[in-house]
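Take a look at the structure below.
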Amino acid sequence: MDSIQVSSLWRNSTTSPHGSGRGIDIVAATRGDVTVRFNNTPAYANQYDQNTEFIEEVYTAFYNDPRVSQVLNPSRMLSRDPNNYYDEPNIWNQPKPQKVNSKFYRLMIAHNNHLHITIWRQ
Ligand SMILES: [Zn+2]
């Protein structure tokens with residue numbers, strides 16, 4: 001990886017992991033002459049589809065990093081929090097299945113245009 005573009009670190013919120021500075025939103029990563037945006041909304045869907053290997057590689061690196069408690073991107077959702085564990089596809093661009101609760105579906109939609117990681121609380 002040569003560079004990453006971060007859109008957000010700290011936010012003044014008590015309910016979000018961003019509020020304590022542990023949440024990082026990454027919008028793009030560059031390696032060599034390839035820049036991928038972690039965005040598969042319609043305007044970016046083509047570049048997303050053309051770079052799924054790179055996207056998957058970045059996701060997996062965070063997925064395998066024990067310092068990371070949560071990794072969310074437009075394709076997959078992982079939370080290692082024992083009180084709120086999940087590891088499943090992000091289906092934001094499909095109609096909400098009945099078994100998926102609305103709050104979680106909104107979390108999926110909120111991550112259709114970036115890669116979010118959360119660092120464990122020390
Ligand atoms: Zn975030």
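Lettering and numbering for the structure tokens are positional, with chains as A, B, ... in the shown order, residues counted from 1 in each chain, and ligands counted from 1 in the shown order.
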- Taking only C-alpha atoms and all ligand atoms into account, report as a PyMOL selection string which residues have an atom no farther than 7 Å from an atom of ligand 1. chain A and resi 18+23-25+116-117
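By only C-alpha atoms, and with residues fewer than 3 positions from Pro66 in chain A along its chain excluded, the set lying at most 10 Å from it is Phe62, Tyr63, Ser69, Arg80, Ile119 and Trp120 of chain A.
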- Could you tell me, as a PyMOL selection string, which residues of range 7-80 of chain A DSSP assigns to strand (DSSP E or B) when given the backbone? chain A and resi 7-8+23-31+34-37+68-72+76-79
Using only C-alpha atoms, please write the residues we just selected to a file, as an mmCIF file, in the first residue's frame.
data_model
loop_
_atom_site.group_PDB
_atom_site.id
_atom_site.type_symbol
_atom_site.label_atom_id
_atom_site.label_comp_id
_atom_site.auth_asym_id
_atom_site.auth_seq_id
_atom_site.Cartn_x
_atom_site.Cartn_y
_atom_site.Cartn_z
ATOM 1 C CA SER A 7 -12.246 11.032 5.699
ATOM 2 C CA SER A 8 -12.946 10.967 9.405
ATOM 3 C CA GLY A 23 -13.083 4.782 14.577
ATOM 4 C CA ILE A 24 -11.349 5.445 11.270
ATOM 5 C CA ASP A 25 -13.144 5.969 7.959
ATOM 6 C CA ILE A 26 -11.027 5.201 4.903
ATOM 7 C CA VAL A 27 -12.389 6.274 1.531
ATOM 8 C CA ALA A 28 -9.561 5.261 -0.799
ATOM 9 C CA ALA A 29 -6.291 3.360 -0.992
ATOM 10 C CA THR A 30 -3.544 3.538 -3.587
ATOM 11 C CA ARG A 31 -0.974 0.971 -4.628
ATOM 12 C CA VAL A 34 -4.180 1.870 -8.873
ATOM 13 C CA THR A 35 -6.443 3.858 -6.564
ATOM 14 C CA VAL A 36 -9.531 2.154 -5.306
ATOM 15 C CA ARG A 37 -12.421 3.907 -3.590
ATOM 16 C CA VAL A 68 -9.118 -4.184 15.124
ATOM 17 C CA SER A 69 -12.547 -4.900 16.634
ATOM 18 C CA GLN A 70 -14.709 -3.907 13.673
ATOM 19 C CA VAL A 71 -14.305 -3.771 9.877
ATOM 20 C CA LEU A 72 -17.190 -2.559 7.707
ATOM 21 C CA ARG A 76 -18.716 -7.206 4.295
ATOM 22 C CA MET A 77 -19.434 -6.463 7.936
ATOM 23 C CA LEU A 78 -17.385 -7.773 10.878
ATOM 24 C CA SER A 79 -17.699 -6.973 14.568
#
- Message: At a cut-off of 10 Å, using only C-alpha atoms, what residues contact Tyr48 in chain A? Leave out same-chain residues fewer than 5 positions from it and give the result as JSON, numbers by chain.
- Response: {"A": [36, 37, 38, 39, 40, 41, 42, 43, 53, 54, 55, 74]}
Could you dump the residues just selected with C-alpha atoms as a JSON list (two decimals), in the first residue's frame?
[["chain", "number", "residue", "atom", "x", "y", "z"],
["A", 36, "VAL", "CA", -9.53, 2.15, -5.31],
["A", 37, "ARG", "CA", -12.42, 3.91, -3.59],
["A", 38, "PHE", "CA", -14.26, 1.77, -1.04],
["A", 39, "ASN", "CA", -17.50, 2.89, -2.61],
["A", 40, "ASN", "CA", -19.92, 0.83, -4.68],
["A", 41, "THR", "CA", -22.73, 3.34, -4.91],
["A", 42, "PRO", "CA", -23.84, 3.67, -8.54],
["A", 43, "ALA", "CA", -21.33, 6.39, -9.52],
["A", 53, "GLU", "CA", -9.28, -8.26, -5.27],
["A", 54, "PHE", "CA", -7.50, -5.20, -3.89],
["A", 55, "ILE", "CA", -10.56, -4.28, -1.78],
["A", 74, "PRO", "CA", -19.66, -2.03, 1.12]]
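Atom pair CA of Ser16 in chain A / CA of Glu56 in chain A has a distance of 25.1 Å (rounded to one decimal).
The interatomic distance for the pair CA of Asn46 in chain A and CA of Asp65 in chain A works out to 28.6 Å.
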